[in-house]
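data-v4.txt, holding compact mmCIF, C-alpha atoms (C1' of nucleotides):
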```txt
# COMPACT_ATOMS: atom_id res chain seq x y z
CA MET A 1 -25.42 -6.31 -69.55
CA LYS A 2 -25.07 -5.72 -65.85
CA LEU A 3 -27.87 -3.89 -64.01
CA ALA A 4 -27.66 -2.70 -60.44
CA THR A 5 -29.58 -0.78 -57.80
CA TRP A 6 -28.37 0.83 -54.58
CA ASN A 7 -30.01 2.94 -51.92
CA VAL A 8 -27.02 5.13 -51.04
CA ASN A 9 -28.59 7.07 -48.14
CA SER A 10 -27.15 10.44 -49.26
CA LEU A 11 -25.18 10.65 -52.49
CA ARG A 12 -23.19 13.55 -51.02
CA VAL A 13 -21.75 11.24 -48.36
CA ARG A 14 -21.56 8.12 -50.53
CA LEU A 15 -20.21 9.57 -53.80
CA PRO A 16 -16.66 8.26 -53.24
CA GLN A 17 -18.04 4.77 -52.61
CA VAL A 18 -20.30 4.98 -55.66
CA LEU A 19 -17.40 6.01 -57.91
CA GLU A 20 -15.22 3.28 -56.47
CA TRP A 21 -17.97 0.70 -56.94
CA LEU A 22 -18.61 1.77 -60.54
CA ALA A 23 -14.90 1.33 -61.28
CA ALA A 24 -14.71 -2.02 -59.48
CA ARG A 25 -17.87 -3.66 -60.82
CA SER A 26 -18.46 -1.68 -64.01
CA PRO A 27 -22.25 -2.06 -64.21
CA ASP A 28 -23.85 -0.91 -67.45
CA LEU A 29 -26.60 0.70 -65.41
CA LEU A 30 -26.96 1.71 -61.77
CA CYS A 31 -30.16 3.01 -60.21
CA LEU A 32 -29.73 5.08 -57.06
CA GLN A 33 -32.23 5.92 -54.34
CA GLU A 34 -32.14 8.39 -51.47
CA THR A 35 -29.72 10.72 -53.18
CA LYS A 36 -31.10 13.48 -50.93
CA LEU A 37 -29.82 16.13 -53.34
CA GLU A 38 -31.48 18.90 -55.25
CA ASP A 39 -30.74 18.61 -58.97
CA GLU A 40 -28.38 21.63 -58.89
CA LYS A 41 -26.23 19.76 -56.40
CA PHE A 42 -26.13 16.46 -58.27
CA PRO A 43 -22.45 15.46 -58.90
CA ALA A 44 -22.93 15.18 -62.68
CA GLU A 45 -19.33 16.02 -63.54
CA GLU A 46 -17.89 13.26 -61.37
CA ILE A 47 -20.35 10.73 -62.80
CA ILE A 48 -19.52 11.74 -66.37
CA ALA A 49 -15.80 11.59 -65.62
CA ALA A 50 -16.37 8.01 -64.44
CA GLY A 51 -17.77 7.16 -67.88
CA TYR A 52 -21.50 7.29 -67.14
CA ARG A 53 -24.48 9.32 -68.19
CA ALA A 54 -26.82 10.45 -65.45
CA GLU A 55 -30.53 11.16 -65.22
CA TYR A 56 -31.74 12.36 -61.85
CA ALA A 57 -34.70 13.76 -59.99
CA GLY A 58 -33.99 14.93 -56.48
CA GLN A 59 -35.09 17.15 -53.66
CA LYS A 60 -33.54 18.48 -50.51
CA THR A 61 -33.12 16.17 -47.49
CA TYR A 62 -35.40 13.32 -48.55
CA ASN A 63 -35.87 10.84 -51.39
CA GLY A 64 -34.23 11.45 -54.76
CA VAL A 65 -33.56 8.92 -57.53
CA ALA A 66 -31.04 8.64 -60.34
CA ILE A 67 -30.16 6.38 -63.26
CA LEU A 68 -26.49 6.12 -64.19
CA SER A 69 -25.75 4.35 -67.47
CA ARG A 70 -23.00 3.72 -69.97
CA LYS A 71 -25.44 4.36 -72.84
CA PRO A 72 -27.65 7.45 -73.15
CA SER A 73 -31.23 7.61 -71.88
CA GLU A 74 -34.34 8.40 -73.88
CA SER A 75 -37.97 9.10 -72.99
CA VAL A 76 -37.18 10.08 -69.41
CA ILE A 77 -40.12 10.37 -67.04
CA VAL A 78 -40.11 11.70 -63.47
CA GLY A 79 -42.82 10.39 -61.15
CA ILE A 80 -45.86 8.25 -61.81
CA PRO A 81 -47.80 9.89 -64.67
CA GLY A 82 -51.09 11.36 -63.47
CA PHE A 83 -50.17 11.00 -59.79
CA GLU A 84 -49.37 14.29 -58.10
CA ASP A 85 -46.59 13.66 -55.63
CA PRO A 86 -43.91 16.17 -54.58
CA GLN A 87 -41.72 13.29 -53.35
CA LYS A 88 -39.08 12.33 -55.90
CA ARG A 89 -39.37 8.56 -55.93
CA VAL A 90 -39.68 7.45 -59.55
CA LEU A 91 -37.49 7.87 -62.59
CA ALA A 92 -38.00 5.96 -65.84
CA ALA A 93 -35.86 5.93 -68.96
CA THR A 94 -35.22 3.83 -72.04
CA VAL A 95 -31.57 2.76 -72.16
CA ASP A 96 -30.19 0.56 -74.90
CA GLY A 97 -33.68 -0.60 -75.88
CA MET A 98 -34.63 -1.49 -72.32
CA ARG A 99 -37.25 0.34 -70.30
CA VAL A 100 -35.75 1.03 -66.90
CA VAL A 101 -37.91 2.08 -63.96
CA CYS A 102 -36.05 3.21 -60.84
CA VAL A 103 -38.23 3.36 -57.72
CA TYR A 104 -37.89 4.39 -54.12
CA ILE A 105 -41.09 2.99 -52.66
CA PRO A 106 -42.27 4.74 -49.46
CA ASN A 107 -41.13 3.28 -46.15
CA GLY A 108 -44.53 3.34 -44.48
CA GLU A 109 -43.23 3.98 -40.96
CA SER A 110 -45.67 1.63 -39.17
CA VAL A 111 -48.84 -0.18 -40.21
CA ASP A 112 -51.10 2.21 -38.25
CA SER A 113 -49.63 5.40 -39.73
CA ASP A 114 -50.75 7.75 -42.49
CA LYS A 115 -47.43 6.99 -44.19
CA TYR A 116 -48.42 3.33 -44.39
CA ARG A 117 -51.71 4.23 -46.08
CA TYR A 118 -49.78 6.49 -48.44
CA LYS A 119 -47.43 3.60 -49.19
CA LEU A 120 -50.27 1.25 -50.13
CA HIS A 121 -51.98 3.89 -52.24
CA TRP A 122 -48.67 4.72 -53.87
CA LEU A 123 -48.16 1.02 -54.70
CA GLU A 124 -51.62 0.87 -56.27
CA ARG A 125 -50.78 3.81 -58.48
CA LEU A 126 -47.38 2.37 -59.39
CA THR A 127 -48.90 -0.98 -60.33
CA ALA A 128 -51.68 0.58 -62.40
CA TRP A 129 -49.13 2.62 -64.34
CA LEU A 130 -46.75 -0.32 -64.79
CA LYS A 131 -49.56 -2.46 -66.18
CA GLY A 132 -49.43 -0.25 -69.26
CA GLU A 133 -45.65 0.01 -69.27
CA THR A 134 -45.10 -3.75 -69.15
CA ALA A 135 -47.55 -4.18 -72.04
CA ARG A 136 -45.78 -1.49 -74.02
CA TYR A 137 -42.18 -2.50 -73.33
CA PRO A 138 -41.34 -6.23 -73.58
CA SER A 139 -37.88 -5.45 -72.20
CA LEU A 140 -38.55 -3.80 -68.86
CA ALA A 141 -36.62 -3.76 -65.60
CA LEU A 142 -38.02 -2.42 -62.32
CA LEU A 143 -35.20 -1.71 -59.90
CA GLY A 144 -35.00 -0.05 -56.54
CA ASP A 145 -35.68 0.08 -52.86
CA PHE A 146 -39.12 -1.51 -52.57
CA ASN A 147 -39.26 -1.34 -48.78
CA ILE A 148 -40.98 -4.74 -48.90
CA ALA A 149 -39.55 -8.11 -47.92
CA PRO A 150 -41.62 -10.45 -50.12
CA GLU A 151 -41.16 -13.77 -48.33
CA GLU A 152 -40.31 -15.22 -44.93
CA ARG A 153 -36.85 -16.16 -46.11
CA ASP A 154 -36.23 -12.47 -46.86
CA VAL A 155 -36.52 -11.56 -43.16
CA HIS A 156 -34.01 -12.49 -40.44
CA ASP A 157 -36.80 -13.22 -37.95
CA PRO A 158 -40.22 -13.68 -39.64
CA LYS A 159 -42.00 -14.15 -36.30
CA LEU A 160 -40.65 -10.84 -35.01
CA TRP A 161 -41.57 -9.05 -38.26
CA GLU A 162 -44.99 -10.63 -38.74
CA GLY A 163 -47.55 -7.89 -39.37
CA LYS A 164 -44.89 -5.19 -39.17
CA VAL A 165 -44.22 -2.56 -41.80
CA LEU A 166 -41.95 -3.85 -44.61
CA PHE A 167 -43.35 -7.37 -44.14
CA SER A 168 -47.11 -6.94 -43.60
CA GLU A 169 -49.58 -8.92 -45.71
CA PRO A 170 -50.93 -5.91 -47.66
CA GLU A 171 -47.41 -4.86 -48.62
CA ARG A 172 -46.49 -8.40 -49.66
CA ALA A 173 -49.75 -8.59 -51.63
CA ALA A 174 -48.75 -5.38 -53.41
CA PHE A 175 -45.38 -6.91 -54.24
CA ALA A 176 -47.19 -10.00 -55.57
CA GLY A 177 -49.28 -7.62 -57.68
CA LEU A 178 -46.09 -6.36 -59.35
CA ILE A 179 -44.97 -9.94 -59.98
CA GLN A 180 -48.39 -10.61 -61.52
CA LEU A 181 -47.63 -8.03 -64.17
CA GLY A 182 -45.29 -10.67 -65.57
CA LEU A 183 -42.16 -9.60 -63.70
CA ALA A 184 -39.65 -11.97 -62.10
CA ASP A 185 -37.65 -11.38 -58.93
CA SER A 186 -34.22 -11.81 -60.53
CA PHE A 187 -32.50 -12.72 -57.26
CA ARG A 188 -34.73 -15.77 -56.90
CA LEU A 189 -34.02 -17.07 -60.39
CA PHE A 190 -30.89 -18.59 -58.87
CA GLU A 191 -29.84 -20.57 -55.86
CA GLN A 192 -28.84 -18.17 -53.12
CA ALA A 193 -27.33 -18.40 -49.67
CA GLU A 194 -29.81 -18.50 -46.79
CA LYS A 195 -30.29 -15.24 -44.95
CA SER A 196 -29.39 -13.06 -47.91
CA PHE A 197 -30.39 -9.48 -47.16
CA THR A 198 -29.96 -6.01 -48.68
CA TRP A 199 -30.60 -3.81 -45.66
CA TRP A 200 -29.35 -3.94 -42.09
CA ASP A 201 -30.19 -1.46 -39.33
CA TYR A 202 -27.31 0.79 -38.32
CA ARG A 203 -28.26 0.14 -34.72
CA MET A 204 -27.63 -2.83 -32.46
CA ASN A 205 -24.85 -4.19 -34.66
CA GLY A 206 -27.48 -5.19 -37.20
CA PHE A 207 -24.98 -5.99 -39.95
CA LYS A 208 -22.50 -7.89 -37.79
CA ARG A 209 -25.35 -10.04 -36.49
CA ASN A 210 -26.90 -10.26 -39.98
CA LEU A 211 -30.23 -8.95 -38.69
CA GLY A 212 -31.36 -7.84 -42.11
CA LEU A 213 -34.15 -7.74 -44.65
CA ARG A 214 -34.16 -8.22 -48.42
CA ILE A 215 -36.08 -5.15 -49.52
CA ASP A 216 -34.11 -3.99 -52.57
CA HIS A 217 -35.02 -5.79 -55.76
CA ILE A 218 -34.51 -6.08 -59.50
CA LEU A 219 -37.68 -7.30 -61.23
CA LEU A 220 -37.40 -8.33 -64.86
CA SER A 221 -39.96 -8.79 -67.62
CA ALA A 222 -40.15 -12.30 -69.10
CA ALA A 223 -37.93 -11.44 -72.04
CA LEU A 224 -35.19 -10.18 -69.70
CA ALA A 225 -35.63 -12.88 -67.08
CA LYS A 226 -35.07 -15.44 -69.82
CA VAL A 227 -31.56 -14.09 -70.43
CA CYS A 228 -30.69 -13.31 -66.81
CA GLN A 229 -27.58 -15.29 -65.87
CA HIS A 230 -26.70 -14.15 -62.39
CA SER A 231 -27.91 -12.06 -59.48
CA GLU A 232 -26.14 -11.12 -56.28
CA ILE A 233 -26.08 -8.74 -53.36
CA ALA A 234 -22.83 -6.80 -52.98
CA ARG A 235 -22.86 -7.06 -49.22
CA ASP A 236 -19.19 -6.10 -49.01
CA MET A 237 -20.28 -2.47 -49.43
CA ARG A 238 -22.24 -2.70 -46.18
CA ALA A 239 -19.03 -3.73 -44.38
CA ARG A 240 -17.19 -0.55 -45.38
CA GLU A 241 -16.36 2.46 -43.27
CA ARG A 242 -19.34 4.81 -43.17
CA PRO A 243 -21.58 2.58 -45.28
CA SER A 244 -25.08 3.08 -46.56
CA ASP A 245 -27.47 0.88 -44.58
CA HIS A 246 -28.33 -0.81 -47.92
CA ALA A 247 -26.08 -2.96 -50.11
CA PRO A 248 -26.19 -2.86 -53.93
CA VAL A 249 -28.08 -5.56 -55.84
CA ILE A 250 -26.86 -6.80 -59.23
CA ALA A 251 -28.49 -8.70 -62.09
CA GLU A 252 -26.49 -9.79 -65.13
CA LEU A 253 -28.16 -10.36 -68.47
CA ALA A 254 -26.76 -12.13 -71.53
CA ILE A 255 -27.50 -9.22 -73.85
C1' DA B 256 -36.73 -2.02 -23.86
C1' DT B 257 -39.95 3.52 -28.81
C1' DG B 258 -33.79 2.54 -27.30
C1' DG B 259 -30.08 1.78 -30.59
C1' DC B 260 -27.40 4.83 -35.54
C1' DG B 261 -26.70 7.95 -39.22
C1' DG B 262 -28.13 11.55 -42.34
C1' DC B 263 -30.44 15.81 -42.80
C1' DT B 264 -31.45 21.00 -41.59
C1' DC B 265 -31.94 28.96 -42.52
C1' DG B 266 -28.99 22.90 -37.24
C1' DC B 267 -26.82 22.93 -31.92
C1' DA B 268 -32.73 19.29 -31.28
C1' DG B 269 -35.78 17.07 -33.84
C1' DC B 270 -37.16 14.87 -38.11
C1' DC B 271 -36.88 10.54 -40.83
C1' DG B 272 -35.38 6.20 -42.31
C1' DA B 273 -36.50 0.73 -42.07
```
As structure tokens, how would this structure be written, given the file I've shared?
Amino acid sequence: MKLATWNVNSLRVRLPQVLEWLAARSPDLLCLQETKLEDEKFPAEEIIAAGYRAEYAGQKTYNGVAILSRKPSESVIVGIPGFEDPQKRVLAATVDGMRVVCVYIPNGESVDSDKYRYKLHWLERLTAWLKGETARYPSLALLGDFNIAPEERDVHDPKLWEGKVLFSEPERAAFAGLIQLGLADSFRLFEQAEKSFTWWDYRMNGFKRNLGLRIDHILLSAALAKVCQHSEIARDMRARERPSDHAPVIAELAI
DNA sequence: ATGGCGGCTCGCAGCCGA
């Protein structure tokens, strides 16, 4: 079973690339973030024609998440239960016996901003909810744009990023809190090339110079991590014409 | 170097992202 996540930075713009990528890599499941589409505008017909089911929760201009899957979804939840938030950032579903949680964690803007405080609070609420979910579902995958680079090796220049949003200690502590729920960072289950990133700034030739961060992740419960055989970043998609600033991340499971 | 780029909007300038 092949799982994937991709912040597409507008599904309207990136739909042709998404359809092409689905055909080329044939994931069993693909979580999308930043669809930036109201549900009425979601391209359900094109997704279905490509052989996938789609669950989605979007809004105009900002945010928006979706789960595309070969198999149907059950027990779909939008948002963190009990946490009022108009921003569409969480979508959970059970697919093929696996609990799948697709997240678009807030960016945080800068460490002295209200958005940063919102991000940390949001992470607290996510973690508290997932504590119950991980206990309830032995097979659970948490996929998405975390907007957190967990370790120094996930940042092109750790000195430059020290204390900055996406790499600050409180954010990394929150990421560690998710790991402490019994989840494994699937990418790090395997040997990987140095300077492997999932996001590169559009500006200053960030991709060409590989000035990136690894902020998109697939976390797996112990039962899934045990059967995970491979994980990679599809950085070729960042080299395309009119790319998203994020590349897809893949985890392959022997189930 | 608070610029850079790209996407969005009851757009034509200003926001947000990371």
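Atom pair atom CA of A:Arg53 / atom CA of A:Leu29: separated by 9.3 Å.
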**Report entry** Residues of chain A within 6 Å of chain B, all atoms listed in the file counted, as a VMD selection string
**Finding:** chain A and resid 61 202 to 204
Report summary line: Counting all atoms listed in the file, the residue among A:Ala251, A:Leu181, A:Leu37, A:Val111 that lies closest to A:Cys228 is A:Ala251
Query raised in the report: Any idea what's packed within 9 Å of stretch 94-97 of chain A, counting only C-alpha atoms (C1' of nucleotides), ignoring anything in its chain fewer than 3 positions away? Could you give it as a count of residues only?
Result: 13
**Report entry** Sel. within 12 Å of pt (-24.9, -1.7, -49.7), counting all atoms listed in the file, output as an NGL selection string
**Finding:** :A and (4-9 or 14 or 17-18 or 21 or 32-33 or 145 or 197-202 or 207 or 212 or 214-216 or 232-250)
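From atom CA of A:Ser231 back to atom CA of A:Pro27, the distance works out to 12.4 Å.
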Requested in this report: For stretch 83-85 of chain A, list every protein, DNA or RNA residue within 9 Å, evaluated using all atoms listed in the file, and leave out those in the same chain fewer than 4 positions away; present the list as a list of chain:residue names.
Outcome: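 These residues fall inside the cut-off: A:Gly79, A:Arg89, A:Trp122, A:Arg125.
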Residues within 8 Å of A:Ala174, only C-alpha atoms (C1' of nucleotides), excluding chain neighbours under 6 positions, as a PDB file with C-alpha atoms, in the frame of the given file:
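As a result, result.pdb now contains:
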```pdb
ATOM      1  CA  LEU A 120     -50.270   1.250 -50.130  1.00  0.00           C
ATOM      2  CA  LEU A 123     -48.160   1.020 -54.700  1.00  0.00           C
ATOM      3  CA  GLU A 124     -51.620   0.870 -56.270  1.00  0.00           C
TER       4      GLU A 124
END
```
Requested in this report: Within 10 Å of stretch 150-153 of chain A, counting all atoms listed in the file, which residues show up once you throw out same-chain ones fewer than 4 positions away? Write them as a list in words, please.
Outcome: Phe146, Asp157, Pro158, Lys159, Trp161, Glu162, Leu166, Phe167, Ser168, Glu169, Glu171, Arg172, Ala173, Ala174, Phe175, Ala176, Asp185, Glu194, Lys195, Ser196, Phe197, Leu213, Arg214, Ile215 and His217 of chain A
**Report entry** Distance query A:Leu211 at most 6 Å, all atoms listed in the file, self and fewer than 2 positions along chain excluded, as an MDAnalysis selection string
**Finding:** chainID A and resid 156 206 209
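Atom pair atom CA of A:Met98 / atom CA of A:Pro138 has a distance of 8.3 Å (rounded to one decimal).
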Using all atoms listed in the file, can you list as a short mmCIF file (atom, residue, chain, number, x, y, z; two decimals) with C-alpha atoms, in the coordinates of the input the residues within 10 Å of (-23.5, -14.8, -66.8)?
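Now in part-v5.cif:
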```
data_model
loop_
_atom_site.label_atom_id
_atom_site.label_comp_id
_atom_site.auth_asym_id
_atom_site.auth_seq_id
_atom_site.Cartn_x
_atom_site.Cartn_y
_atom_site.Cartn_z
CA MET A 1 -25.42 -6.31 -69.55
CA LYS A 2 -25.07 -5.72 -65.85
CA VAL A 227 -31.56 -14.09 -70.43
CA CYS A 228 -30.69 -13.31 -66.81
CA GLN A 229 -27.58 -15.29 -65.87
CA HIS A 230 -26.70 -14.15 -62.39
CA SER A 231 -27.91 -12.06 -59.48
CA ALA A 251 -28.49 -8.70 -62.09
CA GLU A 252 -26.49 -9.79 -65.13
CA LEU A 253 -28.16 -10.36 -68.47
CA ALA A 254 -26.76 -12.13 -71.53
CA ILE A 255 -27.50 -9.22 -73.85
#
```
Box dimensions and centre (Å, one decimal) enclosing stretch 262-270 of chain B, axis-aligned, 4 Å extra per side, as AutoDock Vina command-line options:
```
--center_x -32.0 --center_y 20.3 --center_z -37.0 --size_x 18.3 --size_y 25.4 --size_z 19.5
```
Write a file for chain B, containing N, CA and C atoms (P, O5', C5', C4', C3', O3' and C1' of nucleotides) (output as a PDB file, in the first residue's frame).
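Result saved to selection31.pdb:
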```pdb
ATOM      1  P    DA B 256      21.444  43.101   7.097  1.00  0.00           P
ATOM      2  O5'  DA B 256      21.162  42.402   5.748  1.00  0.00           O
ATOM      3  C5'  DA B 256      19.937  41.952   5.326  1.00  0.00           C
ATOM      4  C4'  DA B 256      19.142  43.040   4.649  1.00  0.00           C
ATOM      5  C3'  DA B 256      17.725  42.583   4.367  1.00  0.00           C
ATOM      6  O3'  DA B 256      16.818  43.581   4.723  1.00  0.00           O
ATOM      7  C1'  DA B 256      18.727  43.330   2.384  1.00  0.00           C
ATOM      8  P    DT B 257      15.681  43.097   5.772  1.00  0.00           P
ATOM      9  O5'  DT B 257      14.396  43.878   5.219  1.00  0.00           O
ATOM     10  C5'  DT B 257      14.094  43.896   3.842  1.00  0.00           C
ATOM     11  C4'  DT B 257      12.610  43.596   3.660  1.00  0.00           C
ATOM     12  C3'  DT B 257      11.692  44.679   4.233  1.00  0.00           C
ATOM     13  O3'  DT B 257      10.574  44.834   3.372  1.00  0.00           O
ATOM     14  C1'  DT B 257      11.150  42.616   5.174  1.00  0.00           C
ATOM     15  P    DG B 258      10.583  45.686   2.136  1.00  0.00           P
ATOM     16  O5'  DG B 258      11.461  44.891   1.083  1.00  0.00           O
ATOM     17  C5'  DG B 258      10.849  43.995   0.199  1.00  0.00           C
ATOM     18  C4'  DG B 258      11.831  43.658  -0.905  1.00  0.00           C
ATOM     19  C3'  DG B 258      11.311  42.569  -1.840  1.00  0.00           C
ATOM     20  O3'  DG B 258      11.737  42.886  -3.160  1.00  0.00           O
ATOM     21  C1'  DG B 258      13.347  41.890  -0.818  1.00  0.00           C
ATOM     22  P    DG B 259      10.712  42.615  -4.312  1.00  0.00           P
ATOM     23  O5'  DG B 259      11.176  41.177  -4.779  1.00  0.00           O
ATOM     24  C5'  DG B 259      12.480  40.980  -5.297  1.00  0.00           C
ATOM     25  C4'  DG B 259      12.827  39.524  -5.252  1.00  0.00           C
ATOM     26  C3'  DG B 259      11.693  38.580  -5.724  1.00  0.00           C
ATOM     27  O3'  DG B 259      12.231  37.774  -6.767  1.00  0.00           O
ATOM     28  C1'  DG B 259      12.657  37.831  -3.686  1.00  0.00           C
ATOM     29  P    DC B 260      11.402  37.488  -8.045  1.00  0.00           P
ATOM     30  O5'  DC B 260      10.420  36.315  -7.648  1.00  0.00           O
ATOM     31  C5'  DC B 260      10.932  35.010  -7.434  1.00  0.00           C
ATOM     32  C4'  DC B 260       9.767  34.088  -7.192  1.00  0.00           C
ATOM     33  C3'  DC B 260       8.649  34.187  -8.237  1.00  0.00           C
ATOM     34  O3'  DC B 260       8.315  32.848  -8.563  1.00  0.00           O
ATOM     35  C1'  DC B 260       7.761  34.459  -6.076  1.00  0.00           C
ATOM     36  P    DG B 261       7.508  32.473  -9.858  1.00  0.00           P
ATOM     37  O5'  DG B 261       6.078  32.132  -9.248  1.00  0.00           O
ATOM     38  C5'  DG B 261       5.946  31.005  -8.406  1.00  0.00           C
ATOM     39  C4'  DG B 261       4.591  31.042  -7.737  1.00  0.00           C
ATOM     40  C3'  DG B 261       3.413  31.316  -8.679  1.00  0.00           C
ATOM     41  O3'  DG B 261       2.462  30.301  -8.448  1.00  0.00           O
ATOM     42  C1'  DG B 261       3.284  32.683  -6.778  1.00  0.00           C
ATOM     43  P    DG B 262       1.303  29.996  -9.482  1.00  0.00           P
ATOM     44  O5'  DG B 262       0.005  30.208  -8.588  1.00  0.00           O
ATOM     45  C5'  DG B 262      -0.227  29.364  -7.466  1.00  0.00           C
ATOM     46  C4'  DG B 262      -1.212  30.043  -6.538  1.00  0.00           C
ATOM     47  C3'  DG B 262      -2.419  30.634  -7.250  1.00  0.00           C
ATOM     48  O3'  DG B 262      -3.603  29.898  -6.960  1.00  0.00           O
ATOM     49  C1'  DG B 262      -1.526  32.135  -5.630  1.00  0.00           C
ATOM     50  P    DC B 263      -4.982  30.292  -7.651  1.00  0.00           P
ATOM     51  O5'  DC B 263      -5.584  31.368  -6.635  1.00  0.00           O
ATOM     52  C5'  DC B 263      -6.037  30.967  -5.338  1.00  0.00           C
ATOM     53  C4'  DC B 263      -6.372  32.197  -4.522  1.00  0.00           C
ATOM     54  C3'  DC B 263      -7.412  33.112  -5.169  1.00  0.00           C
ATOM     55  O3'  DC B 263      -8.710  32.720  -4.757  1.00  0.00           O
ATOM     56  C1'  DC B 263      -5.615  34.361  -4.203  1.00  0.00           C
ATOM     57  P    DT B 264      -9.970  33.263  -5.565  1.00  0.00           P
ATOM     58  O5'  DT B 264     -10.186  34.743  -4.998  1.00  0.00           O
ATOM     59  C5'  DT B 264     -10.584  34.940  -3.648  1.00  0.00           C
ATOM     60  C4'  DT B 264     -10.618  36.430  -3.338  1.00  0.00           C
ATOM     61  C3'  DT B 264     -11.656  37.220  -4.127  1.00  0.00           C
ATOM     62  O3'  DT B 264     -12.281  38.163  -3.278  1.00  0.00           O
ATOM     63  C1'  DT B 264      -9.515  38.122  -4.504  1.00  0.00           C
ATOM     64  P    DC B 265     -13.834  38.077  -3.083  1.00  0.00           P
ATOM     65  O5'  DC B 265     -14.454  39.070  -4.150  1.00  0.00           O
ATOM     66  C5'  DC B 265     -14.389  38.832  -5.542  1.00  0.00           C
ATOM     67  C4'  DC B 265     -15.000  40.054  -6.235  1.00  0.00           C
ATOM     68  C3'  DC B 265     -14.514  41.374  -5.639  1.00  0.00           C
ATOM     69  O3'  DC B 265     -14.426  42.350  -6.665  1.00  0.00           O
ATOM     70  C1'  DC B 265     -16.830  41.269  -5.523  1.00  0.00           C
ATOM     71  P    DG B 266     -13.110  42.737  -7.448  1.00  0.00           P
ATOM     72  O5'  DG B 266     -12.071  43.242  -6.370  1.00  0.00           O
ATOM     73  C5'  DG B 266     -11.224  42.386  -5.611  1.00  0.00           C
ATOM     74  C4'  DG B 266      -9.776  42.610  -6.013  1.00  0.00           C
ATOM     75  C3'  DG B 266      -9.507  43.919  -6.750  1.00  0.00           C
ATOM     76  O3'  DG B 266      -8.422  44.580  -6.161  1.00  0.00           O
ATOM     77  C1'  DG B 266      -8.675  42.087  -7.994  1.00  0.00           C
ATOM     78  P    DC B 267      -8.111  46.085  -6.492  1.00  0.00           P
ATOM     79  O5'  DC B 267      -7.131  46.018  -7.737  1.00  0.00           O
ATOM     80  C5'  DC B 267      -5.792  45.586  -7.556  1.00  0.00           C
ATOM     81  C4'  DC B 267      -4.979  45.909  -8.772  1.00  0.00           C
ATOM     82  C3'  DC B 267      -5.010  47.375  -9.191  1.00  0.00           C
ATOM     83  O3'  DC B 267      -3.728  47.736  -9.665  1.00  0.00           O
ATOM     84  C1'  DC B 267      -5.765  46.040 -10.982  1.00  0.00           C
ATOM     85  P    DA B 268      -2.917  48.822  -8.883  1.00  0.00           P
ATOM     86  O5'  DA B 268      -2.893  48.439  -7.319  1.00  0.00           O
ATOM     87  C5'  DA B 268      -3.806  49.062  -6.438  1.00  0.00           C
ATOM     88  C4'  DA B 268      -3.667  48.492  -5.051  1.00  0.00           C
ATOM     89  C3'  DA B 268      -2.273  48.607  -4.426  1.00  0.00           C
ATOM     90  O3'  DA B 268      -2.453  48.984  -3.073  1.00  0.00           O
ATOM     91  C1'  DA B 268      -2.893  46.296  -4.639  1.00  0.00           C
ATOM     92  P    DG B 269      -1.458  48.759  -1.916  1.00  0.00           P
ATOM     93  O5'  DG B 269      -1.931  47.384  -1.251  1.00  0.00           O
ATOM     94  C5'  DG B 269      -3.265  47.276  -0.749  1.00  0.00           C
ATOM     95  C4'  DG B 269      -3.451  45.903  -0.142  1.00  0.00           C
ATOM     96  C3'  DG B 269      -2.316  45.510   0.819  1.00  0.00           C
ATOM     97  O3'  DG B 269      -2.881  44.916   1.980  1.00  0.00           O
ATOM     98  C1'  DG B 269      -2.596  43.843  -0.809  1.00  0.00           C
ATOM     99  P    DC B 270      -1.992  44.528   3.229  1.00  0.00           P
ATOM    100  O5'  DC B 270      -2.189  42.953   3.274  1.00  0.00           O
ATOM    101  C5'  DC B 270      -3.361  42.382   3.864  1.00  0.00           C
ATOM    102  C4'  DC B 270      -3.459  40.935   3.480  1.00  0.00           C
ATOM    103  C3'  DC B 270      -2.247  40.098   3.849  1.00  0.00           C
ATOM    104  O3'  DC B 270      -2.137  39.791   5.248  1.00  0.00           O
ATOM    105  C1'  DC B 270      -3.037  39.528   1.691  1.00  0.00           C
ATOM    106  P    DC B 271      -3.013  38.666   5.971  1.00  0.00           P
ATOM    107  O5'  DC B 271      -2.426  37.309   5.381  1.00  0.00           O
ATOM    108  C5'  DC B 271      -3.317  36.276   4.947  1.00  0.00           C
ATOM    109  C4'  DC B 271      -2.527  35.236   4.206  1.00  0.00           C
ATOM    110  C3'  DC B 271      -1.394  34.625   5.016  1.00  0.00           C
ATOM    111  O3'  DC B 271      -1.735  33.278   5.277  1.00  0.00           O
ATOM    112  C1'  DC B 271      -0.718  35.102   2.767  1.00  0.00           C
ATOM    113  P    DG B 272      -0.835  32.421   6.290  1.00  0.00           P
ATOM    114  O5'  DG B 272       0.056  31.620   5.256  1.00  0.00           O
ATOM    115  C5'  DG B 272      -0.560  30.777   4.291  1.00  0.00           C
ATOM    116  C4'  DG B 272       0.469  30.361   3.285  1.00  0.00           C
ATOM    117  C3'  DG B 272       1.699  29.675   3.892  1.00  0.00           C
ATOM    118  O3'  DG B 272       1.977  28.527   3.134  1.00  0.00           O
ATOM    119  C1'  DG B 272       2.363  31.399   2.464  1.00  0.00           C
ATOM    120  P    DA B 273       2.427  27.160   3.892  1.00  0.00           P
ATOM    121  O5'  DA B 273       3.988  27.405   4.018  1.00  0.00           O
ATOM    122  C5'  DA B 273       4.802  27.248   2.874  1.00  0.00           C
ATOM    123  C4'  DA B 273       6.216  27.602   3.208  1.00  0.00           C
ATOM    124  C3'  DA B 273       6.783  26.927   4.453  1.00  0.00           C
ATOM    125  O3'  DA B 273       8.108  26.513   4.193  1.00  0.00           O
ATOM    126  C1'  DA B 273       7.054  29.256   4.640  1.00  0.00           C
TER     127       DA B 273
END
```
